[in-house]
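*Asks:* Coordinates in work-v2.pdb, PDB, C-alpha atoms, pLDDT in the B column, are listed below.
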```
ATOM      1  CA  MET A 120     202.554 222.304  15.907  1.00 85.00           C
ATOM      2  CA  LEU A 121     201.015 221.242  19.189  1.00 92.00           C
ATOM      3  CA  ALA A 122     199.373 224.646  19.603  1.00 94.00           C
ATOM      4  CA  ALA A 123     197.450 224.092  16.354  1.00 97.00           C
ATOM      5  CA  ILE A 124     195.924 220.851  17.611  1.00 98.00           C
ATOM      6  CA  CYS A 125     192.707 220.995  19.618  1.00 98.00           C
ATOM      7  CA  PHE A 126     192.903 218.043  21.981  1.00 98.00           C
ATOM      8  CA  ASP A 127     189.547 216.954  23.408  1.00 96.00           C
ATOM      9  CA  ALA A 128     188.485 216.892  27.066  1.00 95.00           C
ATOM     10  CA  ASN A 129     190.524 213.694  27.496  1.00 96.00           C
ATOM     11  CA  GLY A 130     193.604 215.271  25.923  1.00 98.00           C
ATOM     12  CA  LEU A 131     193.230 213.237  22.740  1.00 98.00           C
ATOM     13  CA  VAL A 132     192.860 213.895  19.021  1.00 98.00           C
ATOM     14  CA  PRO A 133     191.735 211.380  16.370  1.00 98.00           C
ATOM     15  CA  ALA A 134     194.559 210.370  14.006  1.00 98.00           C
ATOM     16  CA  ILE A 135     193.910 208.816  10.612  1.00 98.00           C
ATOM     17  CA  ALA A 136     196.773 206.763   9.158  1.00 98.00           C
ATOM     18  CA  GLN A 137     196.988 206.657   5.363  1.00 98.00           C
ATOM     19  CA  GLN A 138     199.545 204.785   3.292  1.00 98.00           C
ATOM     20  CA  HIS A 139     201.480 207.658   1.710  1.00 98.00           C
ATOM     21  CA  ASP A 140     201.896 206.283  -1.805  1.00 98.00           C
ATOM     22  CA  THR A 141     198.734 204.274  -2.457  1.00 98.00           C
ATOM     23  CA  GLY A 142     196.254 206.426  -0.542  1.00 98.00           C
ATOM     24  CA  GLU A 143     194.870 203.411   1.355  1.00 98.00           C
ATOM     25  CA  VAL A 144     193.283 204.431   4.654  1.00 98.00           C
ATOM     26  CA  LEU A 145     194.846 202.007   7.094  1.00 98.00           C
ATOM     27  CA  MET A 146     193.352 202.747  10.507  1.00 98.00           C
ATOM     28  CA  MET A 147     192.159 205.382  12.941  1.00 98.00           C
ATOM     29  CA  ALA A 148     193.556 205.736  16.445  1.00 98.00           C
ATOM     30  CA  TRP A 149     194.107 208.472  19.022  1.00 98.00           C
ATOM     31  CA  MET A 150     197.078 210.642  19.979  1.00 98.00           C
ATOM     32  CA  ASN A 151     197.837 212.773  22.995  1.00 98.00           C
ATOM     33  CA  ALA A 152     200.340 215.632  23.038  1.00 98.00           C
ATOM     34  CA  GLU A 153     203.175 213.349  24.109  1.00 98.00           C
ATOM     35  CA  SER A 154     202.536 210.867  21.304  1.00 98.00           C
ATOM     36  CA  VAL A 155     202.403 213.688  18.725  1.00 98.00           C
ATOM     37  CA  ARG A 156     205.699 215.036  20.049  1.00 98.00           C
ATOM     38  CA  GLU A 157     207.355 211.626  19.963  1.00 98.00           C
ATOM     39  CA  THR A 158     206.021 210.828  16.476  1.00 98.00           C
ATOM     40  CA  LEU A 159     207.361 214.090  15.047  1.00 97.00           C
ATOM     41  CA  ALA A 160     210.696 213.677  16.823  1.00 97.00           C
ATOM     42  CA  THR A 161     211.345 210.047  15.902  1.00 98.00           C
ATOM     43  CA  GLY A 162     209.479 209.645  12.607  1.00 98.00           C
ATOM     44  CA  ARG A 163     207.935 206.484  13.971  1.00 98.00           C
ATOM     45  CA  VAL A 164     204.221 206.655  14.712  1.00 98.00           C
ATOM     46  CA  CYS A 165     203.213 206.549  18.366  1.00 98.00           C
ATOM     47  CA  TYR A 166     199.554 206.633  19.443  1.00 98.00           C
ATOM     48  CA  PHE A 167     197.879 206.734  22.819  1.00 98.00           C
ATOM     49  CA  SER A 168     196.043 203.521  23.644  1.00 97.00           C
ATOM     50  CA  ARG A 169     192.744 204.354  25.325  1.00 95.00           C
ATOM     51  CA  SER A 170     192.235 200.754  26.468  1.00 94.00           C
ATOM     52  CA  ARG A 171     195.702 200.442  27.978  1.00 95.00           C
ATOM     53  CA  GLY A 172     195.935 204.081  29.079  1.00 97.00           C
ATOM     54  CA  LYS A 173     199.473 204.550  27.809  1.00 98.00           C
ATOM     55  CA  LEU A 174     201.617 205.356  24.791  1.00 98.00           C
ATOM     56  CA  TRP A 175     201.381 202.787  22.030  1.00 97.00           C
ATOM     57  CA  ARG A 176     204.348 202.671  19.689  1.00 98.00           C
ATOM     58  CA  LYS A 177     202.706 201.055  16.692  1.00 97.00           C
ATOM     59  CA  GLY A 178     204.479 197.787  15.979  1.00 95.00           C
ATOM     60  CA  GLU A 179     206.126 197.441  19.387  1.00 94.00           C
ATOM     61  CA  THR A 180     204.485 194.030  19.829  1.00 91.00           C
ATOM     62  CA  SER A 181     203.559 193.017  16.280  1.00 92.00           C
ATOM     63  CA  GLY A 182     206.585 194.438  14.478  1.00 93.00           C
ATOM     64  CA  GLN A 183     204.205 196.225  12.060  1.00 96.00           C
ATOM     65  CA  ALA A 184     205.582 199.758  12.481  1.00 97.00           C
ATOM     66  CA  GLN A 185     204.469 202.922  10.729  1.00 98.00           C
ATOM     67  CA  HIS A 186     207.092 205.331   9.431  1.00 98.00           C
ATOM     68  CA  LEU A 187     205.930 208.920   9.201  1.00 98.00           C
ATOM     69  CA  LYS A 188     206.088 210.563   5.778  1.00 98.00           C
ATOM     70  CA  ASP A 189     203.974 213.646   6.481  1.00 98.00           C
ATOM     71  CA  PHE A 190     201.778 215.044   9.238  1.00 98.00           C
ATOM     72  CA  ARG A 191     198.653 217.039   8.407  1.00 98.00           C
ATOM     73  CA  VAL A 192     196.411 219.083  10.694  1.00 98.00           C
ATOM     74  CA  ASP A 193     192.839 219.776   9.592  1.00 98.00           C
ATOM     75  CA  CYS A 194     191.084 223.137   9.314  1.00 97.00           C
ATOM     76  CA  ASP A 195     189.684 223.046  12.837  1.00 96.00           C
ATOM     77  CA  GLY A 196     192.730 221.358  14.375  1.00 98.00           C
ATOM     78  CA  ASP A 197     190.584 218.566  15.760  1.00 97.00           C
ATOM     79  CA  THR A 198     191.812 215.739  13.511  1.00 98.00           C
ATOM     80  CA  VAL A 199     195.250 214.818  12.209  1.00 98.00           C
ATOM     81  CA  LEU A 200     196.169 212.809   9.127  1.00 98.00           C
ATOM     82  CA  LEU A 201     199.358 210.769   9.220  1.00 98.00           C
ATOM     83  CA  LEU A 202     200.882 209.848   5.881  1.00 98.00           C
ATOM     84  CA  VAL A 203     202.876 206.746   6.663  1.00 98.00           C
ATOM     85  CA  ASP A 204     204.800 203.867   5.231  1.00 98.00           C
ATOM     86  CA  GLN A 205     203.236 200.815   6.837  1.00 98.00           C
ATOM     87  CA  GLU A 206     205.414 197.783   7.483  1.00 97.00           C
ATOM     88  CA  GLY A 207     203.342 194.666   6.867  1.00 96.00           C
ATOM     89  CA  VAL A 208     199.751 195.020   8.019  1.00 97.00           C
ATOM     90  CA  ALA A 209     198.043 197.768  10.012  1.00 97.00           C
ATOM     91  CA  CYS A 210     195.173 195.751  11.500  1.00 97.00           C
ATOM     92  CA  HIS A 211     195.461 193.488  14.528  1.00 95.00           C
ATOM     93  CA  THR A 212     193.366 190.927  12.621  1.00 96.00           C
ATOM     94  CA  GLY A 213     196.250 190.538  10.149  1.00 97.00           C
ATOM     95  CA  ARG A 214     194.580 192.525   7.386  1.00 98.00           C
ATOM     96  CA  ARG A 215     196.353 195.333   5.601  1.00 98.00           C
ATOM     97  CA  ASN A 216     193.792 197.872   6.843  1.00 98.00           C
ATOM     98  CA  CYS A 217     191.059 197.927   9.482  1.00 98.00           C
ATOM     99  CA  PHE A 218     188.168 198.854   7.174  1.00 98.00           C
ATOM    100  CA  PHE A 219     187.391 195.404   5.796  1.00 98.00           C
ATOM    101  CA  ARG A 220     183.638 195.232   6.472  1.00 98.00           C
ATOM    102  CA  ALA A 221     181.069 196.697   4.094  1.00 98.00           C
ATOM    103  CA  PRO A 222     177.394 196.161   3.282  1.00 96.00           C
ATOM    104  CA  ARG A 223     176.863 193.765   0.394  1.00 96.00           C
ATOM    105  CA  ALA A 224     173.250 192.962  -0.503  1.00 93.00           C
ATOM    106  CA  GLY A 225     172.230 194.519   2.795  1.00 89.00           C
ATOM    107  CA  VAL A 226     174.531 192.363   4.927  1.00 94.00           C
ATOM    108  CA  LEU A 227     177.766 193.520   6.538  1.00 96.00           C
ATOM    109  CA  THR A 228     180.378 191.402   4.804  1.00 97.00           C
ATOM    110  CA  GLU A 229     184.135 190.904   5.131  1.00 98.00           C
ATOM    111  CA  ILE A 230     185.671 192.180   1.901  1.00 98.00           C
ATOM    112  CA  ALA A 231     189.325 191.434   2.684  1.00 98.00           C
ATOM    113  CA  ALA A 232     191.052 188.393   4.124  1.00 97.00           C
ATOM    114  CA  PRO A 233     193.940 188.378   6.617  1.00 97.00           C
ATOM    115  CA  LEU A 234     197.388 188.416   5.020  1.00 97.00           C
ATOM    116  CA  VAL A 235     198.981 187.043   8.170  1.00 95.00           C
ATOM    117  CA  SER A 236     197.531 185.289  11.208  1.00 94.00           C
ATOM    118  CA  PRO A 237     197.184 187.179  14.503  1.00 92.00           C
ATOM    119  CA  LYS A 238     199.123 184.290  16.052  1.00 92.00           C
ATOM    120  CA  ALA A 239     202.103 185.076  13.819  1.00 92.00           C
ATOM    121  CA  LEU A 240     201.859 188.744  14.837  1.00 93.00           C
ATOM    122  CA  TYR A 241     201.280 188.372  18.559  1.00 90.00           C
ATOM    123  CA  GLY A 242     202.185 184.783  19.412  1.00 87.00           C
ATOM    124  CA  HIS A 243     198.574 183.949  20.258  1.00 73.00           C
ATOM    125  CA  ASP A 244     195.143 184.005  18.559  1.00 58.00           C
TER     126      ASP A 244
ATOM    127  CA  MET B  19     174.816 197.434  10.005  1.00 85.00           C
ATOM    128  CA  LEU B  20     174.020 199.630  12.978  1.00 92.00           C
ATOM    129  CA  ALA B  21     174.601 196.735  15.378  1.00 94.00           C
ATOM    130  CA  ALA B  22     178.206 196.487  14.147  1.00 97.00           C
ATOM    131  CA  ILE B  23     178.937 200.115  15.007  1.00 98.00           C
ATOM    132  CA  CYS B  24     180.077 200.974  18.520  1.00 98.00           C
ATOM    133  CA  PHE B  25     178.753 204.471  19.139  1.00 98.00           C
ATOM    134  CA  ASP B  26     180.527 206.322  21.953  1.00 96.00           C
ATOM    135  CA  ALA B  27     178.998 207.654  25.179  1.00 95.00           C
ATOM    136  CA  ASN B  28     177.544 210.556  23.188  1.00 96.00           C
ATOM    137  CA  GLY B  29     176.029 208.227  20.599  1.00 98.00           C
ATOM    138  CA  LEU B  30     178.587 209.201  17.964  1.00 98.00           C
ATOM    139  CA  VAL B  31     181.166 207.476  15.784  1.00 98.00           C
ATOM    140  CA  PRO B  32     184.008 209.157  13.857  1.00 98.00           C
ATOM    141  CA  ALA B  33     183.494 209.044  10.092  1.00 98.00           C
ATOM    142  CA  ILE B  34     186.338 209.532   7.626  1.00 98.00           C
ATOM    143  CA  ALA B  35     185.335 210.692   4.146  1.00 98.00           C
ATOM    144  CA  GLN B  36     187.606 209.598   1.316  1.00 98.00           C
ATOM    145  CA  GLN B  37     187.192 210.417  -2.372  1.00 98.00           C
ATOM    146  CA  HIS B  38     186.424 206.994  -3.816  1.00 98.00           C
ATOM    147  CA  ASP B  39     188.511 207.168  -6.987  1.00 98.00           C
ATOM    148  CA  THR B  40     191.567 209.222  -6.057  1.00 98.00           C
ATOM    149  CA  GLY B  41     191.970 208.067  -2.438  1.00 98.00           C
ATOM    150  CA  GLU B  42     192.160 211.660  -1.164  1.00 98.00           C
ATOM    151  CA  VAL B  43     191.133 211.899   2.483  1.00 98.00           C
ATOM    152  CA  LEU B  44     188.662 214.760   2.455  1.00 98.00           C
ATOM    153  CA  MET B  45     187.538 215.297   6.043  1.00 98.00           C
ATOM    154  CA  MET B  46     186.580 213.699   9.324  1.00 98.00           C
ATOM    155  CA  ALA B  47     183.234 214.291  11.012  1.00 98.00           C
ATOM    156  CA  TRP B  48     180.838 212.446  13.313  1.00 98.00           C
ATOM    157  CA  MET B  49     177.739 210.364  12.755  1.00 98.00           C
ATOM    158  CA  ASN B  50     174.980 209.178  15.052  1.00 98.00           C
ATOM    159  CA  ALA B  51     172.713 206.208  14.379  1.00 98.00           C
ATOM    160  CA  GLU B  52     170.146 208.366  12.623  1.00 98.00           C
ATOM    161  CA  SER B  53     172.704 209.914  10.278  1.00 98.00           C
ATOM    162  CA  VAL B  54     174.121 206.468   9.421  1.00 98.00           C
ATOM    163  CA  ARG B  55     170.611 205.222   8.673  1.00 98.00           C
ATOM    164  CA  GLU B  56     169.817 208.229   6.488  1.00 98.00           C
ATOM    165  CA  THR B  57     173.152 208.042   4.640  1.00 98.00           C
ATOM    166  CA  LEU B  58     172.672 204.364   3.798  1.00 97.00           C
ATOM    167  CA  ALA B  59     169.052 204.933   2.782  1.00 97.00           C
ATOM    168  CA  THR B  60     169.576 207.994   0.603  1.00 98.00           C
ATOM    169  CA  GLY B  61     173.142 207.562  -0.648  1.00 98.00           C
ATOM    170  CA  ARG B  62     173.808 211.160   0.313  1.00 98.00           C
ATOM    171  CA  VAL B  63     176.132 211.648   3.257  1.00 98.00           C
ATOM    172  CA  CYS B  64     174.590 212.988   6.438  1.00 98.00           C
ATOM    173  CA  TYR B  65     176.664 213.682   9.553  1.00 98.00           C
ATOM    174  CA  PHE B  66     175.762 214.816  13.044  1.00 98.00           C
ATOM    175  CA  SER B  67     177.007 218.319  13.796  1.00 97.00           C
ATOM    176  CA  ARG B  68     178.329 218.436  17.349  1.00 95.00           C
ATOM    177  CA  SER B  69     178.418 222.244  17.347  1.00 94.00           C
ATOM    178  CA  ARG B  70     174.834 222.604  16.106  1.00 95.00           C
ATOM    179  CA  GLY B  71     173.543 219.483  17.870  1.00 97.00           C
ATOM    180  CA  LYS B  72     171.611 218.237  14.856  1.00 98.00           C
ATOM    181  CA  LEU B  73     171.815 216.288  11.613  1.00 98.00           C
ATOM    182  CA  TRP B  74     174.064 217.870   9.025  1.00 97.00           C
ATOM    183  CA  ARG B  75     173.312 216.944   5.445  1.00 98.00           C
ATOM    184  CA  LYS B  76     176.666 217.706   3.886  1.00 97.00           C
ATOM    185  CA  GLY B  77     176.169 220.375   1.245  1.00 95.00           C
ATOM    186  CA  GLU B  78     172.764 221.562   2.485  1.00 94.00           C
ATOM    187  CA  THR B  79     174.135 225.116   2.796  1.00 91.00           C
ATOM    188  CA  SER B  80     177.221 225.081   0.570  1.00 92.00           C
ATOM    189  CA  GLY B  81     175.917 222.837  -2.198  1.00 93.00           C
ATOM    190  CA  GLN B  82     179.041 220.686  -1.833  1.00 96.00           C
ATOM    191  CA  ALA B  83     177.321 217.319  -1.320  1.00 97.00           C
ATOM    192  CA  GLN B  84     178.926 213.910  -0.860  1.00 98.00           C
ATOM    193  CA  HIS B  85     177.476 210.929  -2.710  1.00 98.00           C
ATOM    194  CA  LEU B  86     178.092 207.610  -1.008  1.00 98.00           C
ATOM    195  CA  LYS B  87     179.981 204.981  -3.017  1.00 98.00           C
ATOM    196  CA  ASP B  88     180.772 202.534  -0.218  1.00 98.00           C
ATOM    197  CA  PHE B  89     180.519 202.331   3.553  1.00 98.00           C
ATOM    198  CA  ARG B  90     183.187 200.551   5.599  1.00 98.00           C
ATOM    199  CA  VAL B  91     183.203 199.586   9.265  1.00 98.00           C
ATOM    200  CA  ASP B  92     186.530 199.007  10.988  1.00 98.00           C
ATOM    201  CA  CYS B  93     187.656 195.941  12.958  1.00 97.00           C
ATOM    202  CA  ASP B  94     186.485 197.301  16.307  1.00 96.00           C
ATOM    203  CA  GLY B  95     183.385 199.008  14.931  1.00 98.00           C
ATOM    204  CA  ASP B  96     184.442 202.326  16.396  1.00 97.00           C
ATOM    205  CA  THR B  97     185.276 204.156  13.157  1.00 98.00           C
ATOM    206  CA  VAL B  98     183.594 204.215   9.757  1.00 98.00           C
ATOM    207  CA  LEU B  99     185.110 205.047   6.383  1.00 98.00           C
ATOM    208  CA  LEU B 100     182.877 206.638   3.782  1.00 98.00           C
ATOM    209  CA  LEU B 101     183.947 206.298   0.168  1.00 98.00           C
ATOM    210  CA  VAL B 102     182.285 209.235  -1.509  1.00 98.00           C
ATOM    211  CA  ASP B 103     182.079 211.286  -4.643  1.00 98.00           C
ATOM    212  CA  GLN B 104     182.601 214.852  -3.448  1.00 98.00           C
ATOM    213  CA  GLU B 105     180.873 217.652  -5.330  1.00 97.00           C
ATOM    214  CA  GLY B 106     183.196 220.647  -5.412  1.00 96.00           C
ATOM    215  CA  VAL B 107     185.154 221.081  -2.182  1.00 97.00           C
ATOM    216  CA  ALA B 108     184.859 219.300   1.158  1.00 97.00           C
ATOM    217  CA  CYS B 109     186.338 221.999   3.414  1.00 97.00           C
ATOM    218  CA  HIS B 110     184.430 225.039   4.664  1.00 95.00           C
ATOM    219  CA  THR B 111     187.555 227.112   3.861  1.00 96.00           C
ATOM    220  CA  GLY B 112     186.980 226.370   0.158  1.00 97.00           C
ATOM    221  CA  ARG B 113     189.775 223.842  -0.097  1.00 98.00           C
ATOM    222  CA  ARG B 114     189.259 220.425  -1.638  1.00 98.00           C
ATOM    223  CA  ASN B 115     190.111 218.704   1.681  1.00 98.00           C
ATOM    224  CA  CYS B 116     190.494 219.800   5.295  1.00 98.00           C
ATOM    225  CA  PHE B 117     194.058 218.542   5.814  1.00 98.00           C
ATOM    226  CA  PHE B 118     195.930 221.466   4.276  1.00 98.00           C
ATOM    227  CA  ARG B 119     198.371 222.268   7.087  1.00 98.00           C
ATOM    228  CA  ALA B 120     201.679 220.458   7.516  1.00 98.00           C
ATOM    229  CA  PRO B 121     205.039 221.130   9.137  1.00 96.00           C
ATOM    230  CA  ARG B 122     207.584 222.558   6.705  1.00 96.00           C
ATOM    231  CA  ALA B 123     210.997 223.453   8.124  1.00 93.00           C
ATOM    232  CA  GLY B 124     209.477 223.133  11.581  1.00 89.00           C
ATOM    233  CA  VAL B 125     206.619 225.552  10.949  1.00 95.00           C
ATOM    234  CA  LEU B 126     202.986 224.600  10.380  1.00 96.00           C
ATOM    235  CA  THR B 127     202.361 225.750   6.828  1.00 97.00           C
ATOM    236  CA  GLU B 128     199.362 225.880   4.490  1.00 98.00           C
ATOM    237  CA  ILE B 129     200.116 223.489   1.640  1.00 98.00           C
ATOM    238  CA  ALA B 130     196.911 224.009  -0.380  1.00 98.00           C
ATOM    239  CA  ALA B 131     195.032 227.135  -1.418  1.00 97.00           C
ATOM    240  CA  PRO B 132     191.242 227.590  -1.507  1.00 97.00           C
ATOM    241  CA  LEU B 133     189.646 226.659  -4.823  1.00 97.00           C
ATOM    242  CA  VAL B 134     186.569 228.741  -4.054  1.00 95.00           C
ATOM    243  CA  SER B 135     185.941 231.515  -1.528  1.00 94.00           C
ATOM    244  CA  PRO B 136     183.878 230.786   1.582  1.00 92.00           C
ATOM    245  CA  LYS B 137     181.764 233.766   0.559  1.00 92.00           C
ATOM    246  CA  ALA B 138     180.829 232.019  -2.668  1.00 92.00           C
ATOM    247  CA  LEU B 139     179.917 228.905  -0.676  1.00 93.00           C
ATOM    248  CA  TYR B 140     178.043 230.470   2.225  1.00 90.00           C
ATOM    249  CA  GLY B 141     177.233 234.021   1.141  1.00 87.00           C
ATOM    250  CA  HIS B 142     179.529 235.464   3.808  1.00 73.00           C
ATOM    251  CA  ASP B 143     183.228 235.270   4.810  1.00 58.00           C
TER     252      ASP B 143
END
```
With the file now loaded, output its structure as structure tokens.
*Replies:*
Amino acid sequence: MLAAICFDANGLVPAIAQQHDTGEVLMMAWMNAESVRETLATGRVCYFSRSRGKLWRKGETSGQAQHLKDFRVDCDGDTVLLLVDQEGVACHTGRRNCFFRAPRAGVLTEIAAPLVSPKALYGHD
Amino acid sequence: MLAAICFDANGLVPAIAQQHDTGEVLMMAWMNAESVRETLATGRVCYFSRSRGKLWRKGETSGQAQHLKDFRVDCDGDTVLLLVDQEGVACHTGRRNCFFRAPRAGVLTEIAAPLVSPKALYGHD
């Protein structure tokens, strides 16, 4: 598996998370070899946080975990697609997915509202 | 629109293409500011090819164009999601989408067959 993935110069590969049954694209994050290995071994999605410089077990703070249903590698091996079952919301803003801004009448507009407050997820705003 | 997108050090942002009606994730590629501008202006998806170092109007060689249905920017502005109507197949291997490899019984396995030969798309194998 790992041999089929072309990690970039920083040892990372982009990972798209998609809700397995509805097809909703939830978020995009990055994985390193260790996070791929852990995700496949445990069935719980683990990314690599570029800002924190360490493994990020999705939901470890917010409780909003992702359970792996399938793992896909693209034709060039430079992107992976995670089919997941998302607990609660994927986005740190409290929205179900991160892609909630779109142009409407030429203006970038929020097209989805938070389902839960960030304070409820993280204990602070 | 462009101000909301955080292009990386190379001036690029990852762009996920999803078939607008079925939810199928077709591919992931990269866009620069110029390709975002052109895509929004023309409604036909244009990426930036990192290997060729220039704009890549999807389908210009293969005929397999992507027509933009909606354009989404994520919470951090560092990924975009393109809802498209894909003509024919998205993958250069002739498959509908690029994510056709998955672990089965511990072995990375092709789970989709080409719908058209690369030769038919590009005039060569």
*Asks:* Evaluate the ChimeraX specification (/A :<8) & /B and record the selected residues as an MDAnalysis selection string, following the chain and residue labels used in the document.
*Replies:* chainID B and resid 19 40:42 45:46 88:93 97:99 109 111 116:121 125:126
*Asks:* Using all atoms listed in the file, what residues lie at most 10 Å away from (187.4, 227.6, -6.1) (file coordinates), given as a PyMOL selection string?
*Replies:* chain B and resi 106-107+111-114+131-136+138-139
*Asks:* Could you tell me how far CA of Gln82 (chain B) sits from CA of Gln104 (chain B), in Å to one decimal place?
*Replies:*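 Pair CA of Gln104 (chain B) / CA of Gln82 (chain B) returns 7.0 Å.
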*Asks:* Can you spell out as a VMD selection string the set of residues that the PyMOL selection byres ((chain B and resi 78) around 12) selects in the structure I just provided?
*Replies:* chain B and resid 62 to 65 73 to 77 79 to 84 105 139 to 140
*Asks:* Measure the distance from CA of Gly162 (chain A) to CA of Asp127 (chain A) in Å and round it to one decimal.
*Replies:*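 For CA of Gly162 (chain A) relative to CA of Asp127 (chain A), the distance reads 23.8 Å.
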*Asks:* Can you provide chain A as a CSV table (one decimal) with C-alpha atoms, keeping the file's coordinate frame, superposed onto chain B by least squares across all C-alpha atoms matched in order?
*Replies:*
```csv
chain,number,residue,atom,x,y,z
A,120,MET,CA,174.8,197.4,10.0
A,121,LEU,CA,174.0,199.6,13.0
A,122,ALA,CA,174.6,196.7,15.4
A,123,ALA,CA,178.2,196.5,14.1
A,124,ILE,CA,178.9,200.1,15.0
A,125,CYS,CA,180.1,201.0,18.5
A,126,PHE,CA,178.8,204.5,19.1
A,127,ASP,CA,180.5,206.3,21.9
A,128,ALA,CA,179.0,207.6,25.2
A,129,ASN,CA,177.5,210.5,23.2
A,130,GLY,CA,176.0,208.2,20.6
A,131,LEU,CA,178.6,209.2,18.0
A,132,VAL,CA,181.2,207.5,15.8
A,133,PRO,CA,184.0,209.2,13.9
A,134,ALA,CA,183.5,209.0,10.1
A,135,ILE,CA,186.3,209.5,7.6
A,136,ALA,CA,185.3,210.7,4.1
A,137,GLN,CA,187.6,209.6,1.3
A,138,GLN,CA,187.2,210.4,-2.4
A,139,HIS,CA,186.4,207.0,-3.8
A,140,ASP,CA,188.5,207.2,-7.0
A,141,THR,CA,191.6,209.2,-6.1
A,142,GLY,CA,192.0,208.1,-2.5
A,143,GLU,CA,192.2,211.7,-1.2
A,144,VAL,CA,191.1,211.9,2.5
A,145,LEU,CA,188.7,214.8,2.5
A,146,MET,CA,187.5,215.3,6.0
A,147,MET,CA,186.6,213.7,9.3
A,148,ALA,CA,183.2,214.3,11.0
A,149,TRP,CA,180.9,212.4,13.3
A,150,MET,CA,177.7,210.3,12.8
A,151,ASN,CA,175.0,209.2,15.1
A,152,ALA,CA,172.7,206.2,14.4
A,153,GLU,CA,170.1,208.4,12.6
A,154,SER,CA,172.7,209.9,10.3
A,155,VAL,CA,174.1,206.5,9.4
A,156,ARG,CA,170.6,205.2,8.7
A,157,GLU,CA,169.8,208.2,6.5
A,158,THR,CA,173.2,208.1,4.6
A,159,LEU,CA,172.7,204.4,3.8
A,160,ALA,CA,169.0,204.9,2.8
A,161,THR,CA,169.6,208.0,0.6
A,162,GLY,CA,173.1,207.6,-0.7
A,163,ARG,CA,173.8,211.2,0.3
A,164,VAL,CA,176.1,211.7,3.3
A,165,CYS,CA,174.6,213.0,6.4
A,166,TYR,CA,176.7,213.7,9.6
A,167,PHE,CA,175.8,214.8,13.0
A,168,SER,CA,177.0,218.3,13.8
A,169,ARG,CA,178.3,218.4,17.4
A,170,SER,CA,178.4,222.2,17.4
A,171,ARG,CA,174.8,222.6,16.1
A,172,GLY,CA,173.5,219.5,17.9
A,173,LYS,CA,171.6,218.2,14.9
A,174,LEU,CA,171.8,216.3,11.6
A,175,TRP,CA,174.1,217.9,9.0
A,176,ARG,CA,173.3,216.9,5.5
A,177,LYS,CA,176.7,217.7,3.9
A,178,GLY,CA,176.2,220.4,1.2
A,179,GLU,CA,172.8,221.6,2.5
A,180,THR,CA,174.1,225.1,2.8
A,181,SER,CA,177.2,225.1,0.6
A,182,GLY,CA,175.9,222.8,-2.2
A,183,GLN,CA,179.1,220.7,-1.8
A,184,ALA,CA,177.3,217.3,-1.3
A,185,GLN,CA,178.9,213.9,-0.9
A,186,HIS,CA,177.5,210.9,-2.7
A,187,LEU,CA,178.1,207.6,-1.0
A,188,LYS,CA,180.0,205.0,-3.0
A,189,ASP,CA,180.8,202.5,-0.2
A,190,PHE,CA,180.5,202.3,3.6
A,191,ARG,CA,183.2,200.5,5.6
A,192,VAL,CA,183.2,199.6,9.3
A,193,ASP,CA,186.5,199.0,11.0
A,194,CYS,CA,187.7,195.9,13.0
A,195,ASP,CA,186.5,197.3,16.3
A,196,GLY,CA,183.4,199.0,14.9
A,197,ASP,CA,184.4,202.3,16.4
A,198,THR,CA,185.3,204.1,13.2
A,199,VAL,CA,183.6,204.2,9.8
A,200,LEU,CA,185.1,205.0,6.4
A,201,LEU,CA,182.9,206.6,3.8
A,202,LEU,CA,183.9,206.3,0.2
A,203,VAL,CA,182.3,209.2,-1.5
A,204,ASP,CA,182.1,211.3,-4.6
A,205,GLN,CA,182.6,214.8,-3.5
A,206,GLU,CA,180.9,217.7,-5.3
A,207,GLY,CA,183.2,220.6,-5.4
A,208,VAL,CA,185.2,221.1,-2.2
A,209,ALA,CA,184.9,219.3,1.2
A,210,CYS,CA,186.3,222.0,3.4
A,211,HIS,CA,184.4,225.0,4.7
A,212,THR,CA,187.5,227.1,3.9
A,213,GLY,CA,187.0,226.4,0.2
A,214,ARG,CA,189.8,223.8,-0.1
A,215,ARG,CA,189.3,220.4,-1.6
A,216,ASN,CA,190.1,218.7,1.7
A,217,CYS,CA,190.5,219.8,5.3
A,218,PHE,CA,194.1,218.5,5.8
A,219,PHE,CA,195.9,221.5,4.3
A,220,ARG,CA,198.4,222.3,7.1
A,221,ALA,CA,201.7,220.4,7.5
A,222,PRO,CA,205.1,221.1,9.1
A,223,ARG,CA,207.6,222.6,6.7
A,224,ALA,CA,211.0,223.5,8.1
A,225,GLY,CA,209.5,223.1,11.6
A,226,VAL,CA,206.6,225.6,10.9
A,227,LEU,CA,203.0,224.6,10.4
A,228,THR,CA,202.4,225.7,6.8
A,229,GLU,CA,199.4,225.9,4.5
A,230,ILE,CA,200.1,223.5,1.6
A,231,ALA,CA,196.9,224.0,-0.4
A,232,ALA,CA,195.0,227.1,-1.4
A,233,PRO,CA,191.2,227.6,-1.5
A,234,LEU,CA,189.6,226.7,-4.8
A,235,VAL,CA,186.6,228.7,-4.1
A,236,SER,CA,185.9,231.5,-1.5
A,237,PRO,CA,183.9,230.8,1.6
A,238,LYS,CA,181.8,233.8,0.6
A,239,ALA,CA,180.8,232.0,-2.7
A,240,LEU,CA,179.9,228.9,-0.7
A,241,TYR,CA,178.0,230.4,2.2
A,242,GLY,CA,177.2,234.0,1.1
A,243,HIS,CA,179.5,235.5,3.8
A,244,ASP,CA,183.2,235.3,4.8
```
*Asks:* Measure the distance from CA of Gly71 (chain B) to CA of Phe25 (chain B) in Å and round it to one decimal.
*Replies:*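 If I compute the distance from CA of Gly71 (chain B) to CA of Phe25 (chain B), I get 15.9 Å.
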*Asks:* Starting from the PyMOL selection byres ((chain A and resi 150-154) around 6), expand the selection into actual residues of this file and give them as a list in words.
*Replies:* Gly130, Leu131, Val132, Trp149, Val155, Arg156, Glu157, Thr158, Cys165, Tyr166 and Phe167 of chain A
